[in-house]
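Have a look at target22.csv; it's CSV, C-alpha atoms:
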chain,number,residue,atom,x,y,z
S,7,MET,CA,19.0,56.8,23.4
S,8,ARG,CA,18.8,54.0,20.8
S,9,SER,CA,17.7,55.0,17.3
S,10,TYR,CA,14.8,53.2,15.7
S,11,SER,CA,15.0,52.1,12.1
S,12,PRO,CA,11.6,51.0,10.7
S,13,ASP,CA,11.4,47.9,8.6
S,14,LEU,CA,10.5,49.1,5.2
S,15,THR,CA,10.5,45.7,3.5
S,16,PRO,CA,7.2,45.2,1.7
S,17,PRO,CA,5.0,42.5,3.2
S,18,TRP,CA,5.1,40.4,0.1
S,19,LYS,CA,9.0,40.2,0.3
S,20,LYS,CA,9.1,39.2,4.0
S,21,SER,CA,9.9,35.5,4.6
S,22,THR,CA,7.2,33.5,6.3
S,23,PRO,CA,8.3,31.0,8.9
S,24,ALA,CA,7.9,27.4,7.8
S,25,PRO,CA,4.9,25.7,9.5
S,26,GLU,CA,5.7,23.4,12.4
S,27,ILE,CA,4.6,19.8,11.8
S,28,PRO,CA,4.7,17.0,14.4
S,29,ALA,CA,7.1,14.2,13.2
S,30,GLU,CA,4.6,11.4,13.7
S,31,PRO,CA,5.4,7.8,12.7
S,32,ASP,CA,4.9,7.0,9.0
S,33,LEU,CA,4.8,10.7,8.0
S,34,VAL,CA,6.7,10.8,4.7
S,35,VAL,CA,9.0,13.8,4.2
S,36,GLU,CA,12.1,14.9,2.2
S,37,GLU,CA,15.2,16.3,3.8
S,38,VAL,CA,16.0,19.5,1.9
S,39,SER,CA,19.8,19.4,1.8
S,40,THR,CA,20.3,15.8,0.8
S,41,GLY,CA,17.0,15.0,-1.0
S,42,PHE,CA,16.6,11.9,1.2
S,43,CYS,CA,13.0,10.9,1.2
S,44,GLY,CA,11.5,8.5,3.8
S,45,ALA,CA,8.9,7.8,6.5
S,46,VAL,CA,9.4,8.9,10.1
S,47,ILE,CA,10.6,6.1,12.3
S,48,ARG,CA,11.3,7.9,15.5
S,49,CYS,CA,12.3,11.1,17.2
S,50,GLU,CA,15.1,11.3,19.8
S,51,LYS,CA,16.6,13.9,22.1
S,52,THR,CA,20.4,14.0,21.8
S,53,ALA,CA,23.2,16.1,23.2
S,54,GLU,CA,23.4,18.0,19.9
S,55,GLY,CA,19.6,18.5,19.9
S,56,PRO,CA,16.5,16.6,18.7
S,57,THR,CA,16.8,14.3,15.7
S,58,VAL,CA,14.4,12.4,13.5
S,59,THR,CA,15.1,9.0,11.8
S,60,LEU,CA,13.7,8.4,8.3
S,61,GLU,CA,13.4,5.1,6.5
S,62,ASP,CA,13.4,5.2,2.6
S,63,ARG,CA,11.7,2.7,0.3
S,64,PHE,CA,14.8,0.5,0.3
S,65,GLY,CA,14.7,0.2,4.1
S,66,LYS,CA,17.7,2.5,4.6
S,67,HIS,CA,17.7,4.6,7.7
S,68,ARG,CA,19.1,8.2,8.0
S,69,VAL,CA,19.2,10.5,11.1
S,70,PHE,CA,18.7,14.2,10.6
S,71,PRO,CA,18.6,17.2,13.1
S,72,LEU,CA,15.2,18.9,13.6
S,73,ILE,CA,16.1,22.3,12.2
S,74,ALA,CA,13.8,25.0,11.1
S,75,GLY,CA,12.7,24.6,7.4
S,76,GLY,CA,14.7,21.4,7.1
S,77,PHE,CA,12.1,19.2,5.4
S,78,LEU,CA,9.7,19.2,2.5
S,79,LEU,CA,6.2,17.8,3.0
S,80,GLU,CA,4.2,17.4,-0.2
S,81,GLY,CA,6.5,19.9,-1.9
S,82,ARG,CA,6.3,22.6,0.8
S,83,VAL,CA,9.0,23.6,3.3
S,84,VAL,CA,8.1,22.6,6.9
S,85,THR,CA,9.8,22.5,10.3
S,86,LEU,CA,9.5,19.1,11.9
S,87,VAL,CA,9.0,19.1,15.7
S,88,ARG,CA,8.9,16.3,18.2
S,89,PRO,CA,5.3,15.2,18.8
S,90,THR,CA,3.9,16.3,22.1
S,91,ALA,CA,2.8,13.6,24.6
S,92,GLY,CA,-0.4,15.6,25.4
S,93,GLY,CA,-1.3,16.2,21.8
S,94,PRO,CA,-4.4,14.8,20.1
S,95,VAL,CA,-4.2,11.1,19.5
S,96,ARG,CA,-5.3,9.9,16.1
S,97,PRO,CA,-6.9,6.5,16.0
S,98,ALA,CA,-4.5,3.8,14.8
S,99,ARG,CA,-5.4,2.2,11.6
S,100,THR,CA,-4.6,-1.0,9.8
S,101,ALA,CA,-2.9,-1.0,6.4
S,102,SER,CA,-6.4,-1.2,4.8
S,103,GLY,CA,-7.5,2.0,6.5
S,104,SER,CA,-9.8,0.3,9.1
S,105,VAL,CA,-9.7,1.6,12.6
S,106,ALA,CA,-7.5,-0.7,14.6
S,107,VAL,CA,-9.0,-2.0,17.9
S,108,PRO,CA,-6.2,-2.8,20.4
S,109,GLY,CA,-6.4,-6.1,22.1
S,110,THR,CA,-8.9,-7.6,19.6
S,111,ARG,CA,-8.3,-11.3,19.1
S,112,ALA,CA,-8.4,-13.1,15.8
S,113,ARG,CA,-11.8,-14.6,15.2
S,114,VAL,CA,-12.4,-18.4,14.8
S,115,ALA,CA,-12.1,-19.1,11.1
S,116,ARG,CA,-15.3,-19.0,9.2
S,117,ALA,CA,-16.4,-21.7,6.9
S,118,GLY,CA,-16.2,-19.3,4.0
S,119,ARG,CA,-12.9,-18.7,2.2
S,120,ILE,CA,-11.3,-16.3,-0.2
S,121,TYR,CA,-9.1,-17.8,-3.0
S,122,VAL,CA,-6.5,-15.6,-4.6
S,123,GLU,CA,-4.9,-16.4,-7.9
S,124,GLY,CA,-1.1,-16.0,-7.8
S,125,ARG,CA,1.4,-16.0,-5.0
S,126,HIS,CA,2.2,-12.3,-5.4
S,127,ASP,CA,-1.5,-11.4,-5.2
S,128,ALA,CA,-1.8,-13.4,-2.0
S,129,GLU,CA,1.2,-11.7,-0.5
S,130,LEU,CA,-0.2,-8.3,-1.3
S,131,VAL,CA,-3.6,-9.1,0.1
S,132,GLU,CA,-2.0,-10.4,3.3
S,133,LYS,CA,0.1,-7.2,3.7
S,134,VAL,CA,-2.7,-4.8,3.3
S,135,TRP,CA,-5.7,-6.7,4.6
S,136,GLY,CA,-4.1,-9.3,6.9
S,137,ASP,CA,-5.2,-7.7,10.2
S,138,ASP,CA,-8.8,-7.2,9.0
S,139,LEU,CA,-9.0,-10.8,7.7
S,140,ARG,CA,-7.8,-12.3,11.0
S,141,ILE,CA,-10.3,-10.2,13.0
S,142,GLU,CA,-13.1,-11.3,10.6
S,143,GLY,CA,-12.0,-14.9,10.7
S,144,VAL,CA,-11.5,-15.1,7.0
S,145,VAL,CA,-8.9,-17.5,5.6
S,146,VAL,CA,-7.2,-16.7,2.3
S,147,GLU,CA,-6.1,-19.7,0.2
S,148,TYR,CA,-3.6,-19.6,-2.7
S,149,LEU,CA,-5.0,-20.5,-6.1
S,150,GLY,CA,-2.2,-21.7,-8.4
S,151,GLY,CA,-4.0,-20.8,-11.6
S,152,ILE,CA,-7.4,-19.9,-13.0
S,153,ASP,CA,-7.6,-23.3,-14.8
S,154,ASP,CA,-7.9,-25.0,-11.4
S,155,LEU,CA,-10.9,-22.9,-10.4
S,156,PRO,CA,-13.8,-25.2,-11.5
S,157,ALA,CA,-12.3,-28.1,-9.6
S,158,VAL,CA,-11.7,-25.9,-6.5
S,159,VAL,CA,-15.3,-24.7,-6.4
S,160,ALA,CA,-16.6,-28.3,-6.9
S,161,GLU,CA,-14.5,-29.6,-4.1
S,162,PHE,CA,-15.3,-26.7,-1.7
S,163,ALA,CA,-19.1,-27.0,-2.4
S,164,PRO,CA,-20.1,-23.5,-1.3
S,165,GLY,CA,-23.4,-22.8,0.4
S,166,PRO,CA,-25.1,-20.0,2.3
S,167,ASP,CA,-23.0,-20.6,5.5
S,168,ALA,CA,-19.8,-21.3,3.5
S,169,ARG,CA,-19.4,-18.7,0.8
S,170,LEU,CA,-16.5,-18.7,-1.6
S,171,GLY,CA,-14.9,-15.5,-2.9
S,172,VAL,CA,-12.2,-15.6,-5.7
S,173,LEU,CA,-9.8,-12.9,-6.8
S,174,VAL,CA,-8.2,-13.3,-10.3
S,175,ASP,CA,-6.0,-11.3,-12.6
S,176,HIS,CA,-7.0,-9.8,-15.9
S,177,LEU,CA,-10.7,-10.3,-15.5
S,178,VAL,CA,-12.0,-8.5,-18.6
S,179,PRO,CA,-14.7,-9.5,-21.0
S,180,GLY,CA,-13.6,-12.0,-23.7
S,181,SER,CA,-10.6,-13.2,-21.7
S,182,LYS,CA,-10.0,-16.8,-20.7
S,183,GLU,CA,-10.4,-15.7,-17.0
S,184,PHE,CA,-13.8,-14.2,-17.8
S,185,ARG,CA,-15.0,-17.4,-19.5
S,186,ILE,CA,-13.9,-19.6,-16.6
S,187,ALA,CA,-15.4,-17.3,-14.0
S,188,ALA,CA,-18.8,-17.4,-15.8
S,189,GLN,CA,-18.8,-21.2,-15.4
S,190,VAL,CA,-18.6,-21.1,-11.6
S,191,THR,CA,-20.5,-18.0,-10.6
S,192,GLY,CA,-23.5,-18.6,-8.4
S,193,PRO,CA,-25.4,-17.2,-5.3
S,194,ASP,CA,-22.7,-18.4,-3.0
S,195,VAL,CA,-19.7,-17.9,-5.2
S,196,LEU,CA,-18.3,-14.5,-6.2
S,197,VAL,CA,-15.5,-14.2,-8.7
S,198,VAL,CA,-14.0,-10.7,-9.1
S,199,GLY,CA,-10.8,-9.4,-10.5
S,200,HIS,CA,-8.8,-6.4,-11.6
S,201,PRO,CA,-8.1,-5.5,-15.2
S,202,TYR,CA,-4.3,-5.8,-15.0
S,203,ILE,CA,-2.2,-8.5,-16.6
S,204,ASP,CA,-0.4,-8.9,-13.3
S,205,VAL,CA,-1.0,-7.6,-9.8
S,206,TRP,CA,2.2,-5.6,-10.0
S,207,GLU,CA,0.2,-3.0,-12.0
S,208,ALA,CA,-2.3,-2.7,-9.2
S,209,VAL,CA,0.5,-0.9,-7.2
S,210,LYS,CA,0.5,2.8,-8.0
S,211,PRO,CA,3.6,3.7,-10.1
S,212,SER,CA,4.4,6.6,-7.8
S,213,SER,CA,4.7,4.3,-4.9
S,214,VAL,CA,7.6,2.5,-6.5
S,215,GLY,CA,9.3,5.6,-7.9
S,216,ILE,CA,8.3,5.3,-11.6
S,217,GLU,CA,6.1,7.4,-13.8
S,218,ALA,CA,4.1,4.5,-15.2
S,219,TRP,CA,4.2,0.8,-15.7
S,220,PRO,CA,5.7,0.1,-19.1
S,221,SER,CA,4.0,-1.6,-22.1
S,222,VAL,CA,5.3,-5.0,-22.8
S,223,PRO,CA,5.1,-6.5,-26.3
S,224,ARG,CA,2.5,-9.3,-26.7
S,225,GLY,CA,4.1,-12.7,-26.4
S,226,GLU,CA,6.9,-11.5,-24.0
S,227,ASP,CA,6.8,-12.5,-20.4
S,228,TRP,CA,5.2,-9.4,-18.8
S,229,LYS,CA,7.3,-9.3,-15.6
S,230,THR,CA,10.6,-9.9,-17.3
S,231,GLY,CA,9.6,-7.2,-19.9
S,232,VAL,CA,8.9,-4.7,-17.1
S,233,CYS,CA,12.3,-5.3,-15.6
S,234,ARG,CA,14.0,-4.8,-18.9
S,235,ALA,CA,12.1,-1.7,-19.7
S,236,LEU,CA,12.8,-0.1,-16.3
S,237,GLY,CA,16.5,-1.2,-16.3
S,238,TRP,CA,15.9,-3.5,-13.3
S,239,PRO,CA,17.8,-6.8,-12.9
S,240,GLU,CA,15.8,-9.5,-14.6
S,241,ASN,CA,15.1,-11.3,-11.3
S,242,THR,CA,11.3,-11.0,-11.1
S,243,GLY,CA,11.2,-12.5,-7.6
S,244,ALA,CA,13.5,-9.9,-6.2
S,245,ALA,CA,11.8,-7.2,-8.1
S,246,TRP,CA,8.4,-8.1,-6.6
S,247,GLN,CA,9.9,-8.1,-3.1
S,248,ASP,CA,11.1,-4.6,-3.7
S,249,ILE,CA,7.7,-3.5,-5.0
S,250,LEU,CA,5.9,-5.2,-2.1
S,251,SER,CA,8.2,-3.4,0.4
S,252,GLN,CA,7.0,0.0,-1.0
S,253,VAL,CA,3.4,-0.9,-0.2
S,254,ARG,CA,2.7,0.5,3.3
S,255,SER,CA,-1.1,0.8,3.1
S,256,TYR,CA,-4.2,0.9,0.8
S,257,LYS,CA,-3.0,4.3,-0.4
S,258,ASP,CA,-0.3,2.7,-2.5
S,259,LEU,CA,-2.9,0.6,-4.4
S,260,ARG,CA,-5.1,1.4,-7.3
S,261,PRO,CA,-8.9,1.5,-6.7
S,262,GLU,CA,-9.5,-1.3,-9.2
S,263,LEU,CA,-7.9,-3.7,-6.8
S,264,LEU,CA,-9.1,-2.1,-3.5
S,265,GLY,CA,-12.7,-2.2,-4.4
S,266,ARG,CA,-12.6,-5.9,-5.4
S,267,VAL,CA,-10.9,-7.1,-2.3
S,268,GLU,CA,-13.3,-5.2,0.0
S,269,GLU,CA,-16.2,-6.7,-2.1
S,270,LEU,CA,-14.9,-10.2,-1.4
S,271,ILE,CA,-14.5,-9.6,2.3
S,272,ASP,CA,-18.1,-8.3,2.5
S,273,PHE,CA,-19.4,-11.3,0.5
S,274,VAL,CA,-17.9,-14.0,2.7
S,275,THR,CA,-18.6,-12.3,6.0
S,276,VAL,CA,-22.1,-10.9,5.6
S,277,GLY,CA,-24.6,-13.5,6.8
S,278,GLY,CA,-22.0,-16.1,7.1
S,279,ALA,CA,-21.5,-18.4,10.1
S,280,ASN,CA,-18.5,-19.3,12.0
Show me the file's structure as structure tokens.
Amino acid sequence: MRSYSPDLTPPWKKSTPAPEIPAEPDLVVEEVSTGFCGAVIRCEKTAEGPTVTLEDRFGKHRVFPLIAGGFLLEGRVVTLVRPTAGGPVRPARTASGSVAVPGTRARVARAGRIYVEGRHDAELVEKVWGDDLRIEGVVVEYLGGIDDLPAVVAEFAPGPDARLGVLVDHLVPGSKEFRIAAQVTGPDVLVVGHPYIDVWEAVKPSSVGIEAWPSVPRGEDWKTGVCRALGWPENTGAAWQDILSQVRSYKDLRPELLGRVEELIDFVTVGGAN
């Protein structure tokens, strides 16, 4: 007869199994043994067992086995498992957070327009809101500089059926941008902006792996100063492309920019005609 030895380990000392989390696409986790952090790209069944492929913020891919307690999710140990085909299906969303509607065609362009100051600003708006803008039929134009705004507004000749929205950098009271915006604002023109010197700052520091955006001495080129302070190569174009690659959705942006872009989209679409 087999002897029985009771487990006398106190409940608070017993290990709790790591919770099982479906490895759904875009879920961001950290592999515990290597510290590799990335978003889930896919899960595969192999001869050695199921694996998950992660992509880090530099676009590098790594494949890891799906072992118990092998990953960290928001700081807690979890076990990734392959998503079940019969599991609940979450509605797909665009990068801006809107529910994506499969098969929806781009709308015929409206007469209204949104102008965005700065090429980097325009690229960021396209990446996060591009799908929404095409569905709404809103065309985004590139504004080379705030000094060109009065001439752009005069040439566009906005009206009730052709509203004009403008997004500018550093729109704070007393600034040059603020004074120019006051000259063109009207019932069919809306000029909004974020408080940052450059749209780089509108990206959350945590999304690019830094604690905060550094302060740059007055009179020094801000982007170059940021690269110097962070020890990045002083190639601002390459630095921006790296920053942009880290932006996956609206969650990577600060609310000061999010609210202003949504405000512009609403302004040019509500009551406007195609």
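We find CA of Asp258 in chain S and CA of Lys210 in chain S to be spaced 5.6 Å apart.
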Check: Counting only C-alpha atoms, what is within 8 Å of Trp228 in chain S, bar same-chain residues fewer than 3 positions away, as number ranges by chain?
Finding: S: 203-204, 222, 231-232
Check: How many Å separate CA of Leu130 in chain S from CA of Leu250 in chain S?
Finding: 6.9 Å
Checklist line | Best match for closeness to Asp175 in chain S among S:Glu123, S:Glu132, S:Glu142, S:Glu30, counting only C-alpha atoms | finding: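 Closest to Asp175 in chain S of all the choices is S:Glu123.
Proximity of S:Glu147, S:Asp194, S:Asp137, S:Glu217 to Ser255 in chain S, computed with all atoms listed in the file, is greatest for S:Asp137.
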Find the spatial neighbours of Arg266 in chain S, counting only C-alpha atoms, within a cut-off of 10 Å - ignore same-chain residues fewer than 4 positions away - and output them as a compact mmCIF listing (two decimals) with C-alpha atoms, in the coordinates of the input.
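Writing the result to out.txt gives the following:
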# COMPACT_ATOMS: atom_id res chain seq x y z
CA VAL S 172 -12.20 -15.60 -5.70
CA LEU S 173 -9.80 -12.90 -6.80
CA VAL S 174 -8.20 -13.30 -10.30
CA VAL S 197 -15.50 -14.20 -8.70
CA VAL S 198 -14.00 -10.70 -9.10
CA GLY S 199 -10.80 -9.40 -10.50
CA HIS S 200 -8.80 -6.40 -11.60
CA PRO S 261 -8.90 1.50 -6.70
CA GLU S 262 -9.50 -1.30 -9.20
CA LEU S 270 -14.90 -10.20 -1.40
CA ILE S 271 -14.50 -9.60 2.30
CA ASP S 272 -18.10 -8.30 2.50
Next item on the list: May I ask for the distance between CA of Gly75 in chain S and CA of Arg88 in chain S, given in Å to one decimal place?
Entry: 14.1 Å
Margin query: Residues within 10 Å of (22.1, 10.5, 6.9), file coordinates, counting only C-alpha atoms: what are they? Give the list as an MDAnalysis selection string.
Written below: chainID S and resid 37 40 42 59:60 66:71
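For the set S:Val274, S:Lys229, S:Asp167, S:Leu79, the residue with the smallest atom-to-atom gap to Val146 in chain S is S:Val274, counting all atoms listed in the file.
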Counting all atoms listed in the file, what is within 8 Å of Val205 in chain S, bar same-chain residues fewer than 4 positions away, as a compact mmCIF listing (two decimals) with C-alpha atoms, in the coordinates of the input?
# COMPACT_ATOMS: atom_id res chain seq x y z
CA HIS S 126 2.20 -12.30 -5.40
CA ASP S 127 -1.50 -11.40 -5.20
CA ASP S 175 -6.00 -11.30 -12.60
CA VAL S 209 0.50 -0.90 -7.20
Checklist line | Of the listed residues S:Gln247, S:Pro179, S:Thr242, S:Leu259, that which approaches Ser212 in chain S most closely, counting only C-alpha atoms | finding: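 Between S:Gln247, S:Pro179, S:Thr242, S:Leu259, the residue approaching Ser212 in chain S most closely is S:Leu259.
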Check: Within 10 Å of Pro193 in chain S, counting all atoms listed in the file, which residues qualify if same-chain residues fewer than 5 places away don't, as a PyMOL selection string?
Finding: chain S and resi 164-166+169-170
Next item on the list: Pick out the closest residue to Val214 in chain S from this set: S:Val178, S:Val195, S:Val253, S:Val38. Count only C-alpha atoms.
Entry: S:Val253
Item checked: Test item: residues at most 9 Å from Ala187 in chain S, all atoms listed in the file, excluding those fewer than 3 positions along its chain, as a list in words ->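 In the requested format, the answer is Ile152, Leu155, Pro156, Leu177, Lys182, Glu183, Phe184, Val190, Thr191, Leu196, Val197 and Val198 of chain S.
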Margin query: Under the rule that all atoms listed in the file are counted, which of S:His176, S:Arg260, S:Arg224, S:Lys51 is the nearest residue to Val87 in chain S?
Written below: S:Lys51
